[in-house]
Protein chains: 2
Amino acid sequence: MGTSGRRTVRDLRRGNRAMLLRALYFGGPASRNELSAATGLSAATVSTMTAGLLESGVVVEAGQVDSDGGRPRVLLKVNPGYGYAVGVDVGETQVKVELFDLGMNVRAGAHYAVRSAKHDPELVARHILTGVDAVIAESEVPPEGVLGVGVGVPGIVEPGPDALVRAKTFGWEAVPLGTLLRAGTGLGTGLPLYVDNGAKTMGQAELWFGSGQGTRDAIILLVGSGVGGTVVTDGRIYRGAGMAAGEVGHLKIVAGGRACRCGARGCLEAYLGAEAILDRAGVVADSADEESALARLLEEGSPVIGESVELLGVGLSSLVHLFNPERVVIGGWAGLMLGGRLLAEIRAATAANTQAQPFQPETVVLGRLGPDAVALGAATLVVEPFLGGAAYPESVPTIA
Amino acid sequence: MGTSGRRTVRDLRRGNRAMLLRALYFGGPASRNELSAATGLSAATVSTMTAGLLESGVVVEAGQVDSDGGRPRVLLKVNPGYGYAVGVDVGETQVKVELFDLGMNVRAGAHYAVRSAKHDPELVARHILTGVDAVIAESEVPPEGVLGVGVGVPGIVEPGPDALVRAKTFGWEAVPLGTLLRAGTGLGTGLPLYVDNGAKTMGQAELWFGSGQGTRDAIILLVGSGVGGTVVTDGRIYRGAGMAAGEVGHLKIVAGGRACRCGARGCLEAYLGAEAILDRAGVVADSADEESALARLLEEGSPVIGESVELLGVGLSSLVHLFNPERVVIGGWAGLMLGGRLLAEIRAATAANTQAQPFQPETVVLGRLGPDAVALGAATLVVEPFLGGAAYPESVPTIA
DNA sequence: GACCATAATCTAAGACTCGAAGAAAGTCAG
DNA sequence: CTGACTTTCTTCGAGTCTTAGATTATGGTC
């Protein structure tokens, strides 16, 4: 106990610099004056600090704004071209690699199809490595400007340089993805590497740029083929003691209920998620057809849909009781499909189960980013330490 | 967004002072040297800082220890007599008021029976006020040495000077306990007032002095007549956006299941907790007999007990998946009774439902403090800001 | 062109932590 | 009993940092 918080006067500056950078990054272009108000720092400090940031190129000017009869404000913003982040989405059917600038604009992308039956870890690692090289080359970005590589994978990621991944859907028991990537060579060599669960990276994307913007305590539920989620506390993704927190999909909603692929019974994921919903409706569909099959079910007004809404309400209610969030975001393609038509019903079901504490149904909203935000979120893992957040654990391993 | 973290160099000192004080408070007597190691501060800083603390009387010397041929270490400790905290337990059958010194030794106590049918808010407030006066008088402590009053109540407490309490079991819809207490007079006048859910105060007691010691991420489940709990993240009680987080009792375990007194269905509290267990077993017992009735059920090996263990495992599994805690503590009188005999079974049931992530059954342990720790925990609410923790929200109202 | 308003920078002062050197308070061998 | 040695604690100078207040920059208004 005890080794936390600022110590020396130098850490103080680091912290204030991070605060300022965050304010600038999320608060859009702003004048020094506005930054002073937003951060609580004195104008003098903001001035000296921005001077340093401008000189190093992290921040650039972004026009002026007249100020009612006085000296016009000079607007500042984070220089989108100062650095770049690679985001990787390791999905069921493909490995997607994208390169973003700091403004989170896509500069280049690469896709590699994976035969959905078999997910050979080494093959996936090879796809990632060649993908990283490809997007760096394609974007014509200076390789030294790339700040790191973020990877979103299914399952649970153990912290540490090995980045052990456990993903039952892939048949990965304890795949040391970090080690595999380090064994490669190429342009990516030496880049900081961040690996996390894909639902969490996507959740962070919603939090930063989507429906979660501006909240400090939120829950982001991702309903796709399965169910995942992200718990945000105090403006950060909550990872718990071993980075495995927030496994929303295995929240139990029916004791002794349907068997889940995790081996337990009654998990949310055993009822929700396209796969489970279709299974409960007795529809046979392989993963390519899931989307149209679910749409059909919705169209027909199948009773299974109504049940699903009810069960979703039960799950959300548990989450609300435990986390008391400001906002609940429902994302993922299946979540958006359901929520697009039945948001009112979902809210009502949640409220009906949430009697023990004050709860506003309007806090349940739909995601804004669509299902493709895993890579974007993975890239934010790289941007986070750049902003000085340092939410990601201690030592960051590098590729190769 | 933005107004958090240290700003000026003076906040830096405050933070470091808090770090040191916490290390001393929880790390027992320690020499300046050990404090330097524990906090990461330089010996010089520790020296100047402890000098100030000694002069103000917050810290006192506590003997010496020989040091293998060198100058002996002077041990320091927090002066237990520097300040005092009053803890109040507003329970079903009584209002208990206790006065603690900073070493959390009871210096005086007072009890007021409450007719369990009717909990008149004004009567409860009067009991608290007279109790505070009584313990201050009895303990012969200088009134200006009392740092504040902490109150543990059932139900949910809304933050703010009113301290609105919602407690269905008491028939309290929105009782402004803070306002009621402020209307009184007496020795307690002007004391800072902290009101929180009793399960959370008890959880904090368990965290500080019981089985939760030393953990940063823990779950403390309290099974008494009902079910409550505390979620600890990052060494602090997690309160969420509106202080209502951690309502473990209303985690759903059976969608559409038994009706809970909160109005919803399938809550943990509708199955666990002495009241629900006895009800499920078909035993009629009023609150005074619950303890012996439950003991009898346990003796007989009633199948309801086995089911209860299974359901507890389901609930814990949900919590583990969501929070990934270092430790899970089971407390409360009914929890201790069940856990005392069936801890192994509870661990097994939890593990059986927790397949999706690594989980060590041994992290589930029993509480150490017994069921009477609500008042102790309430007193820690007062001590926390004294240590510089400031986990409790913004402005603290005062009595009268 | 004089005057005013607002934004940004400069300057001096105060506060803080740190490393290094020095003082304190013992033990131990001879 | 003395001097060397060990370990703990304190003092002091140096280097950073933020802030308030004064100053400079840059426009509009009359």
# chains A, B, ... in the order shown; residues from 1 in each chain; ligands from 1
>>> closest_atom_pairs(of="chain D", to="chain B", cutoff="8 Å", atoms="only C-alpha atoms (C1' of nucleotides)", output="tab-separated table")
residue	atom	partner	partner_atom	distance
D:DT6	C1'	B:Gly70	CA	4.6
D:DT7	C1'	B:Gly70	CA	3.9
D:DT8	C1'	B:Arg71	CA	5.3
D:DC9	C1'	B:Ser47	CA	7.3
D:DT10	C1'	B:Ser47	CA	7.3
D:DC17	C1'	B:Val9	CA	6.7
D:DT18	C1'	B:Thr8	CA	5.6
>>> write_last_selection(atoms="C-alpha atoms (C1' of nucleotides)", output="tab-separated table (two decimals), in the first residue's frame")
chain	number	residue	atom	x	y	z
D	6	DT	C1'	27.03	1.48	11.56
D	7	DT	C1'	22.63	3.10	11.00
D	8	DT	C1'	19.16	6.79	11.58
D	9	DC	C1'	17.76	11.26	11.26
D	10	DT	C1'	18.35	16.35	10.13
D	17	DC	C1'	7.02	24.15	-10.25
D	18	DT	C1'	2.74	27.26	-9.95
>>> interface_residues(of="chain C", to="chain A", cutoff="10 Å", atoms="only C-alpha atoms (C1' of nucleotides)", output="VMD selection string")
chain C and resid 4 to 10 16 to 18
>>> interface_residues(of="chain A", to="chain B", cutoff="6 Å", atoms="only C-alpha atoms", output="list in words")
Gly2, Thr3, Thr39, Asp217, Gly240, Ala241, Ala244, Ala245, Gly246, Glu247, Leu251, Lys252, Ile253, Val254, Ala255, Cys262, Ala264, Ser318, His321, Leu322, Phe323, Asn324, Pro325, Glu326, Asn353, Gln355 and Ala356 of chain A
>>> select_by_dssp(residues="stretch 128-240 of chain A", states="helix (DSSP H, G or I)", output="ChimeraX atom specification")
/A:128-139,143-145,168-170,177-182,198-209
>>> write_last_selection(atoms="N, CA and C atoms", output="tab-separated table (two decimals), in the first residue's frame")
chain	number	residue	atom	x	y	z
A	128	ILE	N	-1.22	-10.04	-38.28
A	128	ILE	CA	-1.07	-8.76	-37.60
A	128	ILE	C	0.22	-8.08	-38.02
A	129	LEU	N	1.29	-8.86	-38.00
A	129	LEU	CA	2.60	-8.26	-38.31
A	129	LEU	C	2.65	-7.74	-39.74
A	130	THR	N	2.20	-8.56	-40.69
A	130	THR	CA	2.23	-8.07	-42.07
A	130	THR	C	1.26	-6.91	-42.24
A	131	GLY	N	0.15	-6.95	-41.51
A	131	GLY	CA	-0.80	-5.85	-41.59
A	131	GLY	C	-0.20	-4.56	-41.09
A	132	VAL	N	0.50	-4.62	-39.98
A	132	VAL	CA	1.13	-3.42	-39.44
A	132	VAL	C	2.10	-2.84	-40.47
A	133	ASP	N	2.93	-3.71	-41.03
A	133	ASP	CA	3.87	-3.24	-42.06
A	133	ASP	C	3.12	-2.62	-43.24
A	134	ALA	N	2.05	-3.29	-43.64
A	134	ALA	CA	1.31	-2.83	-44.81
A	134	ALA	C	0.72	-1.45	-44.60
A	135	VAL	N	0.08	-1.23	-43.45
A	135	VAL	CA	-0.57	0.07	-43.26
A	135	VAL	C	0.45	1.18	-43.07
A	136	ILE	N	1.58	0.85	-42.46
A	136	ILE	CA	2.61	1.89	-42.32
A	136	ILE	C	3.13	2.27	-43.70
A	137	ALA	N	3.35	1.25	-44.52
A	137	ALA	CA	3.86	1.53	-45.87
A	137	ALA	C	2.81	2.29	-46.69
A	138	GLU	N	1.60	1.81	-46.67
A	138	GLU	CA	0.55	2.40	-47.48
A	138	GLU	C	0.28	3.85	-47.11
A	139	SER	N	0.30	4.12	-45.82
A	139	SER	CA	-0.05	5.47	-45.38
A	139	SER	C	1.09	6.46	-45.61
A	143	PRO	N	7.80	5.91	-40.10
A	143	PRO	CA	7.67	4.81	-39.13
A	143	PRO	C	7.94	5.26	-37.69
A	144	GLU	N	8.83	6.23	-37.51
A	144	GLU	CA	9.10	6.65	-36.13
A	144	GLU	C	7.96	7.47	-35.55
A	145	GLY	N	7.01	7.84	-36.40
A	145	GLY	CA	5.85	8.58	-35.88
A	145	GLY	C	4.77	7.68	-35.32
A	168	LYS	N	-12.34	-18.97	-25.61
A	168	LYS	CA	-12.94	-20.26	-25.90
A	168	LYS	C	-13.46	-20.33	-27.33
A	169	THR	N	-13.99	-19.21	-27.83
A	169	THR	CA	-14.56	-19.24	-29.17
A	169	THR	C	-13.50	-19.53	-30.22
A	170	PHE	N	-12.27	-19.22	-29.93
A	170	PHE	CA	-11.18	-19.49	-30.88
A	170	PHE	C	-10.46	-20.79	-30.56
A	177	LEU	N	0.04	-14.14	-27.10
A	177	LEU	CA	0.03	-13.33	-28.31
A	177	LEU	C	1.19	-12.33	-28.33
A	178	GLY	N	1.48	-11.78	-27.16
A	178	GLY	CA	2.60	-10.83	-27.09
A	178	GLY	C	3.90	-11.49	-27.52
A	179	THR	N	4.13	-12.68	-27.01
A	179	THR	CA	5.36	-13.39	-27.35
A	179	THR	C	5.42	-13.70	-28.85
A	180	LEU	N	4.28	-14.13	-29.38
A	180	LEU	CA	4.24	-14.45	-30.81
A	180	LEU	C	4.57	-13.22	-31.65
A	181	LEU	N	4.02	-12.08	-31.25
A	181	LEU	CA	4.26	-10.88	-32.05
A	181	LEU	C	5.70	-10.42	-31.92
A	182	ARG	N	6.27	-10.66	-30.76
A	182	ARG	CA	7.63	-10.22	-30.54
A	182	ARG	C	8.62	-11.02	-31.38
A	198	GLY	N	-11.61	-7.27	-27.12
A	198	GLY	CA	-12.21	-6.44	-28.16
A	198	GLY	C	-13.43	-5.67	-27.71
A	199	ALA	N	-14.22	-6.27	-26.84
A	199	ALA	CA	-15.40	-5.56	-26.34
A	199	ALA	C	-14.96	-4.36	-25.53
A	200	LYS	N	-13.84	-4.49	-24.85
A	200	LYS	CA	-13.37	-3.35	-24.05
A	200	LYS	C	-12.82	-2.26	-24.94
A	201	THR	N	-12.08	-2.65	-25.99
A	201	THR	CA	-11.56	-1.60	-26.88
A	201	THR	C	-12.73	-0.88	-27.54
A	202	MET	N	-13.73	-1.63	-27.97
A	202	MET	CA	-14.87	-1.00	-28.60
A	202	MET	C	-15.61	-0.12	-27.60
A	203	GLY	N	-15.68	-0.58	-26.38
A	203	GLY	CA	-16.31	0.23	-25.35
A	203	GLY	C	-15.57	1.54	-25.17
A	204	GLN	N	-14.26	1.47	-25.21
A	204	GLN	CA	-13.49	2.70	-25.05
A	204	GLN	C	-13.72	3.64	-26.23
A	205	ALA	N	-13.93	3.05	-27.40
A	205	ALA	CA	-14.25	3.89	-28.55
A	205	ALA	C	-15.57	4.62	-28.33
A	206	GLU	N	-16.59	3.89	-27.86
A	206	GLU	CA	-17.88	4.54	-27.58
A	206	GLU	C	-17.71	5.61	-26.50
A	207	LEU	N	-16.86	5.30	-25.53
A	207	LEU	CA	-16.66	6.23	-24.43
A	207	LEU	C	-15.99	7.52	-24.91
A	208	TRP	N	-15.02	7.38	-25.75
A	208	TRP	CA	-14.26	8.55	-26.20
A	208	TRP	C	-14.98	9.34	-27.28
A	209	PHE	N	-15.57	8.60	-28.23
A	209	PHE	CA	-16.08	9.29	-29.40
A	209	PHE	C	-17.56	9.03	-29.68
>>> select_by_dssp(residues="stretch 73-107 of chain B", states="strand (DSSP E)", output="mmCIF file with N, CA and C atoms, in the first residue's frame")
data_model
loop_
_atom_site.group_PDB
_atom_site.id
_atom_site.type_symbol
_atom_site.label_atom_id
_atom_site.label_comp_id
_atom_site.auth_asym_id
_atom_site.auth_seq_id
_atom_site.Cartn_x
_atom_site.Cartn_y
_atom_site.Cartn_z
ATOM 1 N N ARG B 73 16.127 3.080 15.725
ATOM 2 C CA ARG B 73 14.974 3.700 15.052
ATOM 3 C C ARG B 73 13.998 4.229 16.085
ATOM 4 N N VAL B 74 13.490 5.383 15.846
ATOM 5 C CA VAL B 74 12.401 5.885 16.674
ATOM 6 C C VAL B 74 11.096 5.536 15.970
ATOM 7 N N LEU B 75 10.246 4.798 16.661
ATOM 8 C CA LEU B 75 8.976 4.419 16.034
ATOM 9 C C LEU B 75 7.959 5.549 16.193
ATOM 10 N N LEU B 76 7.164 5.719 15.174
ATOM 11 C CA LEU B 76 6.102 6.716 15.206
ATOM 12 C C LEU B 76 4.771 6.022 15.002
ATOM 13 N N LYS B 77 3.727 6.627 15.531
ATOM 14 C CA LYS B 77 2.385 6.103 15.247
ATOM 15 C C LYS B 77 1.395 7.261 15.284
ATOM 16 N N VAL B 78 0.249 7.043 14.706
ATOM 17 C CA VAL B 78 -0.807 8.042 14.790
ATOM 18 C C VAL B 78 -1.269 8.103 16.239
ATOM 19 N N TYR B 84 -11.350 11.932 17.802
ATOM 20 C CA TYR B 84 -12.346 10.900 18.097
ATOM 21 C C TYR B 84 -13.425 10.925 17.031
ATOM 22 N N ALA B 85 -14.005 9.765 16.819
ATOM 23 C CA ALA B 85 -15.058 9.671 15.816
ATOM 24 C C ALA B 85 -16.255 8.957 16.414
ATOM 25 N N VAL B 86 -17.424 9.459 16.123
ATOM 26 C CA VAL B 86 -18.644 8.815 16.590
ATOM 27 C C VAL B 86 -19.225 7.983 15.448
ATOM 28 N N GLY B 87 -19.547 6.749 15.748
ATOM 29 C CA GLY B 87 -20.175 5.886 14.756
ATOM 30 C C GLY B 87 -21.570 5.501 15.218
ATOM 31 N N VAL B 88 -22.525 5.594 14.307
ATOM 32 C CA VAL B 88 -23.905 5.289 14.649
ATOM 33 C C VAL B 88 -24.417 4.170 13.750
ATOM 34 N N ASP B 89 -25.048 3.189 14.383
ATOM 35 C CA ASP B 89 -25.656 2.086 13.639
ATOM 36 C C ASP B 89 -27.168 2.180 13.803
ATOM 37 N N VAL B 90 -27.838 2.568 12.747
ATOM 38 C CA VAL B 90 -29.297 2.604 12.783
ATOM 39 C C VAL B 90 -29.801 1.257 12.294
ATOM 40 N N GLN B 94 -32.568 -1.356 17.050
ATOM 41 C CA GLN B 94 -31.983 -0.374 17.954
ATOM 42 C C GLN B 94 -31.130 0.631 17.194
ATOM 43 N N VAL B 95 -30.922 1.757 17.864
ATOM 44 C CA VAL B 95 -29.959 2.738 17.390
ATOM 45 C C VAL B 95 -28.766 2.649 18.324
ATOM 46 N N LYS B 96 -27.604 2.357 17.747
ATOM 47 C CA LYS B 96 -26.412 2.187 18.567
ATOM 48 C C LYS B 96 -25.430 3.315 18.263
ATOM 49 N N VAL B 97 -24.947 3.953 19.286
ATOM 50 C CA VAL B 97 -24.007 5.063 19.114
ATOM 51 C C VAL B 97 -22.738 4.732 19.888
ATOM 52 N N GLU B 98 -21.602 4.837 19.200
ATOM 53 C CA GLU B 98 -20.344 4.546 19.876
ATOM 54 C C GLU B 98 -19.309 5.613 19.555
ATOM 55 N N LEU B 99 -18.460 5.866 20.529
ATOM 56 C CA LEU B 99 -17.391 6.835 20.307
ATOM 57 C C LEU B 99 -16.048 6.114 20.294
ATOM 58 N N PHE B 100 -15.293 6.336 19.235
ATOM 59 C CA PHE B 100 -14.004 5.678 19.071
ATOM 60 C C PHE B 100 -12.880 6.710 19.103
ATOM 61 N N ASP B 101 -11.724 6.286 19.587
ATOM 62 C CA ASP B 101 -10.546 7.123 19.340
ATOM 63 C C ASP B 101 -9.975 6.741 17.983
ATOM 64 N N VAL B 106 -13.203 1.527 21.409
ATOM 65 C CA VAL B 106 -14.465 2.103 21.879
ATOM 66 C C VAL B 106 -14.213 2.818 23.194
ATOM 67 N N ARG B 107 -14.653 4.081 23.264
ATOM 68 C CA ARG B 107 -14.474 4.828 24.499
ATOM 69 C C ARG B 107 -15.787 4.987 25.252
#
>>> atom_distance(atom1="atom C1' of D:DA25", atom2="atom CA of A:Pro80")
28.5 Å
>>> residues_around(residues="B:Arg347", least_positions_apart="2", cutoff="8 Å", atoms="only C-alpha atoms (C1' of nucleotides)", output="list in words")
Gly313, Leu343, Ala344, Glu345, Ala349, Thr350, Ala351, Pro361, Glu362 and Val364 of chain B
>>> write_last_selection(atoms="N, CA and C atoms", output="short mmCIF file (atom, residue, chain, number, x, y, z; two decimals), in the first residue's frame")
data_model
loop_
_atom_site.label_atom_id
_atom_site.label_comp_id
_atom_site.auth_asym_id
_atom_site.auth_seq_id
_atom_site.Cartn_x
_atom_site.Cartn_y
_atom_site.Cartn_z
N GLY B 313 -23.38 -19.10 -4.72
CA GLY B 313 -22.30 -19.29 -5.68
C GLY B 313 -22.60 -18.59 -7.00
N LEU B 343 -18.12 -23.26 3.92
CA LEU B 343 -17.27 -22.42 3.08
C LEU B 343 -16.77 -23.18 1.86
N ALA B 344 -16.38 -24.41 2.07
CA ALA B 344 -15.86 -25.21 0.95
C ALA B 344 -16.91 -25.34 -0.14
N GLU B 345 -18.16 -25.58 0.28
CA GLU B 345 -19.24 -25.73 -0.70
C GLU B 345 -19.49 -24.41 -1.43
N ALA B 349 -19.25 -23.90 -5.39
CA ALA B 349 -20.37 -23.42 -6.19
C ALA B 349 -19.95 -22.19 -6.99
N THR B 350 -19.16 -21.33 -6.38
CA THR B 350 -18.70 -20.14 -7.09
C THR B 350 -17.81 -20.53 -8.25
N ALA B 351 -16.89 -21.44 -7.98
CA ALA B 351 -15.95 -21.85 -9.01
C ALA B 351 -16.68 -22.52 -10.17
N PRO B 361 -10.58 -20.31 -5.88
CA PRO B 361 -11.63 -20.42 -4.86
C PRO B 361 -11.19 -19.90 -3.50
N GLU B 362 -9.91 -19.99 -3.20
CA GLU B 362 -9.45 -19.58 -1.87
C GLU B 362 -9.59 -18.08 -1.64
N VAL B 364 -12.22 -16.59 -1.72
CA VAL B 364 -13.47 -16.39 -0.97
C VAL B 364 -13.21 -16.73 0.49
#
>>> residues_around(residues="B:Gly332", least_positions_apart="3", cutoff="9 Å", atoms="only C-alpha atoms (C1' of nucleotides)", output="mmCIF file with N, CA and C atoms, in the first residue's frame")
data_model
loop_
_atom_site.group_PDB
_atom_site.id
_atom_site.type_symbol
_atom_site.label_atom_id
_atom_site.label_comp_id
_atom_site.auth_asym_id
_atom_site.auth_seq_id
_atom_site.Cartn_x
_atom_site.Cartn_y
_atom_site.Cartn_z
ATOM 1 N N ALA B 199 -24.473 -1.424 5.182
ATOM 2 C CA ALA B 199 -23.677 -2.513 4.609
ATOM 3 C C ALA B 199 -22.351 -1.970 4.091
ATOM 4 N N MET B 202 -20.087 -1.196 7.123
ATOM 5 C CA MET B 202 -19.563 -2.446 7.648
ATOM 6 C C MET B 202 -18.508 -3.018 6.705
ATOM 7 N N LEU B 221 -19.548 -9.129 0.960
ATOM 8 C CA LEU B 221 -20.969 -9.452 0.903
ATOM 9 C C LEU B 221 -21.474 -9.614 2.321
ATOM 10 N N LEU B 222 -22.563 -8.959 2.629
ATOM 11 C CA LEU B 222 -23.089 -9.043 3.980
ATOM 12 C C LEU B 222 -24.444 -9.708 3.955
ATOM 13 N N VAL B 223 -24.505 -10.886 4.520
ATOM 14 C CA VAL B 223 -25.753 -11.622 4.562
ATOM 15 C C VAL B 223 -26.254 -11.624 5.996
ATOM 16 N N GLY B 224 -27.302 -10.882 6.215
ATOM 17 C CA GLY B 224 -27.930 -10.887 7.530
ATOM 18 C C GLY B 224 -29.364 -11.284 7.323
ATOM 19 N N SER B 225 -30.244 -10.485 7.842
ATOM 20 C CA SER B 225 -31.651 -10.717 7.586
ATOM 21 C C SER B 225 -31.906 -10.539 6.088
ATOM 22 N N VAL B 227 -29.661 -8.919 2.357
ATOM 23 C CA VAL B 227 -28.341 -9.032 1.745
ATOM 24 C C VAL B 227 -27.862 -7.645 1.318
ATOM 25 N N GLY B 228 -26.678 -7.303 1.716
ATOM 26 C CA GLY B 228 -26.082 -6.044 1.289
ATOM 27 C C GLY B 228 -24.657 -6.292 0.896
ATOM 28 N N GLY B 335 -24.404 -14.866 6.959
ATOM 29 C CA GLY B 335 -23.308 -15.255 6.091
ATOM 30 C C GLY B 335 -22.241 -16.017 6.855
ATOM 31 N N LEU B 336 -21.952 -15.541 8.053
ATOM 32 C CA LEU B 336 -20.941 -16.213 8.859
ATOM 33 C C LEU B 336 -21.442 -17.585 9.313
ATOM 34 N N MET B 337 -22.721 -17.664 9.608
ATOM 35 C CA MET B 337 -23.277 -18.937 10.044
ATOM 36 C C MET B 337 -23.195 -19.973 8.915
ATOM 37 N N GLY B 367 -15.706 -13.151 6.840
ATOM 38 C CA GLY B 367 -15.414 -11.910 7.533
ATOM 39 C C GLY B 367 -14.856 -12.182 8.919
ATOM 40 N N LEU B 369 -15.030 -9.648 11.507
ATOM 41 C CA LEU B 369 -15.442 -8.647 12.482
ATOM 42 C C LEU B 369 -16.776 -8.912 13.139
ATOM 43 N N GLY B 370 -17.498 -9.900 12.698
ATOM 44 C CA GLY B 370 -18.796 -10.121 13.314
ATOM 45 C C GLY B 370 -19.791 -9.082 12.866
ATOM 46 N N PRO B 371 -21.022 -9.288 13.232
ATOM 47 C CA PRO B 371 -22.094 -8.472 12.672
ATOM 48 C C PRO B 371 -22.236 -7.091 13.303
ATOM 49 N N ASP B 372 -21.433 -6.819 14.337
ATOM 50 C CA ASP B 372 -21.644 -5.567 15.049
ATOM 51 C C ASP B 372 -20.756 -4.438 14.562
#
>>> residues_around(residues="A:Val383", least_positions_apart="4", cutoff="8 Å", atoms="only C-alpha atoms (C1' of nucleotides)", output="compact mmCIF listing (two decimals) with C-alpha atoms, in the first residue's frame")
# COMPACT_ATOMS: atom_id res chain seq x y z
CA ALA A 85 -1.66 4.59 -33.82
CA LEU A 102 -4.18 11.29 -33.55
CA LEU A 147 3.26 5.45 -31.30
CA ALA A 379 -5.95 2.39 -31.36
CA LEU A 387 -2.30 11.68 -23.33
>>> decode(residues="chain D", atoms="C-alpha atoms (C1' of nucleotides)", output="CSV table (one decimal), in the first residue's frame")
chain,number,residue,atom,x,y,z
D,1,DC,C1',37.6,3.9,28.2
D,2,DT,C1',38.5,5.1,23.6
D,3,DG,C1',38.1,5.2,18.7
D,4,DA,C1',36.2,3.0,14.6
D,5,DC,C1',32.1,1.7,12.6
D,6,DT,C1',27.0,1.5,11.6
D,7,DT,C1',22.6,3.1,11.0
D,8,DT,C1',19.2,6.8,11.6
D,9,DC,C1',17.8,11.3,11.3
D,10,DT,C1',18.4,16.3,10.1
D,11,DT,C1',20.1,20.3,7.7
D,12,DC,C1',21.2,22.8,3.6
D,13,DG,C1',21.6,24.2,-1.1
D,14,DA,C1',19.8,23.4,-5.6
D,15,DG,C1',16.4,22.7,-8.9
D,16,DT,C1',11.3,22.7,-10.3
D,17,DC,C1',7.0,24.2,-10.3
D,18,DT,C1',2.7,27.3,-9.9
D,19,DT,C1',0.9,31.7,-9.0
D,20,DA,C1',-0.3,36.6,-8.7
D,21,DG,C1',0.4,40.8,-10.7
D,22,DA,C1',2.5,43.7,-14.0
D,23,DT,C1',3.4,44.1,-18.8
D,24,DT,C1',3.0,43.5,-23.6
D,25,DA,C1',0.2,42.3,-27.7
D,26,DT,C1',-3.7,42.9,-30.7
D,27,DG,C1',-7.8,44.0,-31.9
D,28,DG,C1',-12.3,47.3,-31.9
D,29,DT,C1',-14.7,51.9,-30.9
D,30,DC,C1',-15.5,56.7,-31.0
